[in-house]
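Structure first, commentary second.
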Amino acid sequence: MLHVGLTGGIGAGKSSVSEGFRERGAHILDADQLARELTVPGSEALAEIIEAFGRNVLDDEGGLCRGRLAERVFADAGERQRLDAILHPRINALEKDRTAVIGAHNPHALVIYEAPLLLESGADRQVERILVVDLPEELQVERAIARGNRSADQVRAIMASQCSRRERLRRAHDVIDNSGPWQATARQIDALMAHYRTLAANGYPS
């Protein structure tokens, strides 16, 4: 089995790239989806979030209002660290368990863990390779704004809270340049998928 961590800054196109790998047969685990599972009403994680941040982070039905919580933690590094301390260990543990189940069923599986904060959360220590989806920072801002729900200032604040582009590239084993048309990105996915299948079949990294 091969366990790859996929990361990149806001607007880099991580989800599109991970979907490309899914279409080619990879198993995808998504940190954001795992976080949603862990913070359902009645969960231990949600109870800790309420204790730390108050009930105003809930929506009218008692669920976590992720947008309201995000606005609060991105404005305060200390509060962001408090939230990370609640969520990151749980997300990483759940991802590790899900990966083990996949590996038990298919020893030659390719598991890709899509995580915006892969490096910041320590999850890079539980994957075998790090794949960075990269593009120039100005294009990153343009694409994030084009989604229509954040201003340039908000996007740049999120970028400032994340690992720098230089640091991501320094720590990457593999890089996909997503600055061009999708066809160019798809060709890179094809090439890496073939490479990863070979590594998984050969029992990487042993």
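Chain identifiers are assigned as A, B, and so on, following the order in which chains appear in the structure tokens; residues are numbered from 1 within each chain, and ligands are numbered from 1 in order of appearance.
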Inset, instruction - Just the residues within 12 Å of segment 183-196 of chain A, please, counting only C-alpha atoms, with nothing from its chain fewer than 3 positions along; format it as an MDAnalysis selection string. - result: chainID A and resid 1:4 12:14 16:27 108:112 128:135 173:180 199:205
Inset, instruction - Extract, using only C-alpha atoms, all DNA, RNA and protein residues at most 10 Å from segment 33-39 of chain A, discarding same-chain residues fewer than 3 positions from it, and format them as a list in words. - result: Leu29, Asp30, Gly42, Ser43, Glu44, Ala45, Leu46, Ala47, Glu48, Ile49, Gly63, Leu64, Arg66, Leu87, His88, Arg90, Ile91, Asn92, Leu94, Glu95, Glu114 and Ala115 of chain A
For the contact check between segment 8-108 of chain A and segment 157-164 of chain A, emit one row per residue of segment 8-108 of chain A within 7 Å, containing the shortest atom pair and the distance in Å rounded to one decimal, counting only C-alpha atoms, chain then rising number order, as a Markdown table.
| residue | atom | partner | partner_atom | distance |
| --- | --- | --- | --- | --- |
| A:Gly9 | CA | A:Met159 | CA | 6.7 |
| A:Ile10 | CA | A:Met159 | CA | 6.7 |
| A:Phe74 | CA | A:Ile158 | CA | 6.8 |
Legend entry - One-decimal distance in Å that lies between atom CA of Val141 of chain A and atom CA of Asp153 of chain A: 9.4 Å
Legend entry - Per-residue DSSP, segment 33-73 of chain A, filtered to alpha helix (DSSP H), as a PyMOL selection string: chain A and resi 33-38+44-53+66-73
Could you write out that same residue set with N, CA and C atoms as an mmCIF file, in the first residue's frame?
data_model
loop_
_atom_site.group_PDB
_atom_site.id
_atom_site.type_symbol
_atom_site.label_atom_id
_atom_site.label_comp_id
_atom_site.auth_asym_id
_atom_site.auth_seq_id
_atom_site.Cartn_x
_atom_site.Cartn_y
_atom_site.Cartn_z
ATOM 1 N N GLN A 33 -13.963 16.418 5.413
ATOM 2 C CA GLN A 33 -15.073 15.502 5.628
ATOM 3 C C GLN A 33 -14.931 14.776 6.963
ATOM 4 N N LEU A 34 -13.717 14.377 7.297
ATOM 5 C CA LEU A 34 -13.500 13.727 8.591
ATOM 6 C C LEU A 34 -13.844 14.682 9.731
ATOM 7 N N ALA A 35 -13.499 15.959 9.574
ATOM 8 C CA ALA A 35 -13.829 16.950 10.606
ATOM 9 C C ALA A 35 -15.338 17.078 10.772
ATOM 10 N N ARG A 36 -16.065 17.028 9.657
ATOM 11 C CA ARG A 36 -17.530 17.105 9.753
ATOM 12 C C ARG A 36 -18.084 15.900 10.514
ATOM 13 N N GLU A 37 -17.540 14.730 10.232
ATOM 14 C CA GLU A 37 -17.999 13.525 10.929
ATOM 15 C C GLU A 37 -17.734 13.616 12.426
ATOM 16 N N LEU A 38 -16.618 14.217 12.786
ATOM 17 C CA LEU A 38 -16.213 14.283 14.186
ATOM 18 C C LEU A 38 -16.942 15.352 14.982
ATOM 19 N N GLU A 44 -18.071 14.296 21.060
ATOM 20 C CA GLU A 44 -17.132 14.806 22.062
ATOM 21 C C GLU A 44 -16.414 16.047 21.552
ATOM 22 N N ALA A 45 -16.025 16.034 20.277
ATOM 23 C CA ALA A 45 -15.301 17.176 19.724
ATOM 24 C C ALA A 45 -16.168 18.432 19.727
ATOM 25 N N LEU A 46 -17.437 18.296 19.347
ATOM 26 C CA LEU A 46 -18.314 19.465 19.328
ATOM 27 C C LEU A 46 -18.518 20.001 20.741
ATOM 28 N N ALA A 47 -18.645 19.108 21.713
ATOM 29 C CA ALA A 47 -18.801 19.555 23.104
ATOM 30 C C ALA A 47 -17.580 20.372 23.536
ATOM 31 N N GLU A 48 -16.385 19.955 23.149
ATOM 32 C CA GLU A 48 -15.185 20.703 23.504
ATOM 33 C C GLU A 48 -15.131 22.050 22.785
ATOM 34 N N ILE A 49 -15.589 22.075 21.533
ATOM 35 C CA ILE A 49 -15.619 23.335 20.789
ATOM 36 C C ILE A 49 -16.583 24.320 21.449
ATOM 37 N N ILE A 50 -17.745 23.831 21.871
ATOM 38 C CA ILE A 50 -18.719 24.694 22.550
ATOM 39 C C ILE A 50 -18.136 25.232 23.852
ATOM 40 N N GLU A 51 -17.448 24.357 24.580
ATOM 41 C CA GLU A 51 -16.840 24.785 25.842
ATOM 42 C C GLU A 51 -15.773 25.854 25.603
ATOM 43 N N ALA A 52 -15.022 25.696 24.499
ATOM 44 C CA ALA A 52 -13.930 26.630 24.222
ATOM 45 C C ALA A 52 -14.396 27.941 23.608
ATOM 46 N N PHE A 53 -15.439 27.888 22.766
ATOM 47 C CA PHE A 53 -15.812 29.064 21.963
ATOM 48 C C PHE A 53 -17.230 29.578 22.220
ATOM 49 N N ARG A 66 -19.715 26.195 10.612
ATOM 50 C CA ARG A 66 -18.295 26.228 10.278
ATOM 51 C C ARG A 66 -17.838 27.615 9.813
ATOM 52 N N GLY A 67 -18.703 28.329 9.088
ATOM 53 C CA GLY A 67 -18.343 29.655 8.615
ATOM 54 C C GLY A 67 -18.141 30.628 9.757
ATOM 55 N N ARG A 68 -19.042 30.584 10.734
ATOM 56 C CA ARG A 68 -18.947 31.486 11.891
ATOM 57 C C ARG A 68 -17.693 31.176 12.706
ATOM 58 N N LEU A 69 -17.424 29.883 12.883
ATOM 59 C CA LEU A 69 -16.230 29.498 13.640
ATOM 60 C C LEU A 69 -14.963 29.897 12.886
ATOM 61 N N ALA A 70 -14.967 29.726 11.573
ATOM 62 C CA ALA A 70 -13.792 30.076 10.771
ATOM 63 C C ALA A 70 -13.487 31.568 10.870
ATOM 64 N N GLU A 71 -14.518 32.402 10.783
ATOM 65 C CA GLU A 71 -14.310 33.848 10.892
ATOM 66 C C GLU A 71 -13.640 34.199 12.215
ATOM 67 N N ARG A 72 -14.053 33.506 13.242
ATOM 68 C CA ARG A 72 -13.519 33.809 14.576
ATOM 69 C C ARG A 72 -12.063 33.367 14.714
ATOM 70 N N VAL A 73 -11.743 32.161 14.288
ATOM 71 C CA VAL A 73 -10.387 31.656 14.529
ATOM 72 C C VAL A 73 -9.362 32.263 13.579
#
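Minimum distance to Leu119 of chain A across A:Gly62, A:Leu83, A:Arg165, A:Glu142 (counting only C-alpha atoms) occurs at A:Arg165.
Across the model, the gap from atom CA of Ala172 of chain A to atom CA of Thr7 of chain A is 9.3 Å.
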Inset, instruction - Measure the distance from atom CA of Gly11 of chain A to atom CA of Ala144 of chain A in Å and round it to one decimal. - result: 4.4 Å
Legend entry - Nearest to Glu167 of chain A, chosen from A:Gly8, A:Gly54, A:Pro107, A:Pro41, with only C-alpha atoms counted in the distances: A:Gly8
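Within segment 67-160 of chain A, residues classed as strand (DSSP E or B) by DSSP on backbone coordinates are Leu110, Val111, Ile112, Tyr113, Glu114, Arg129, Ile130, Leu131, Val132, Val133 and Asp134 of chain A.
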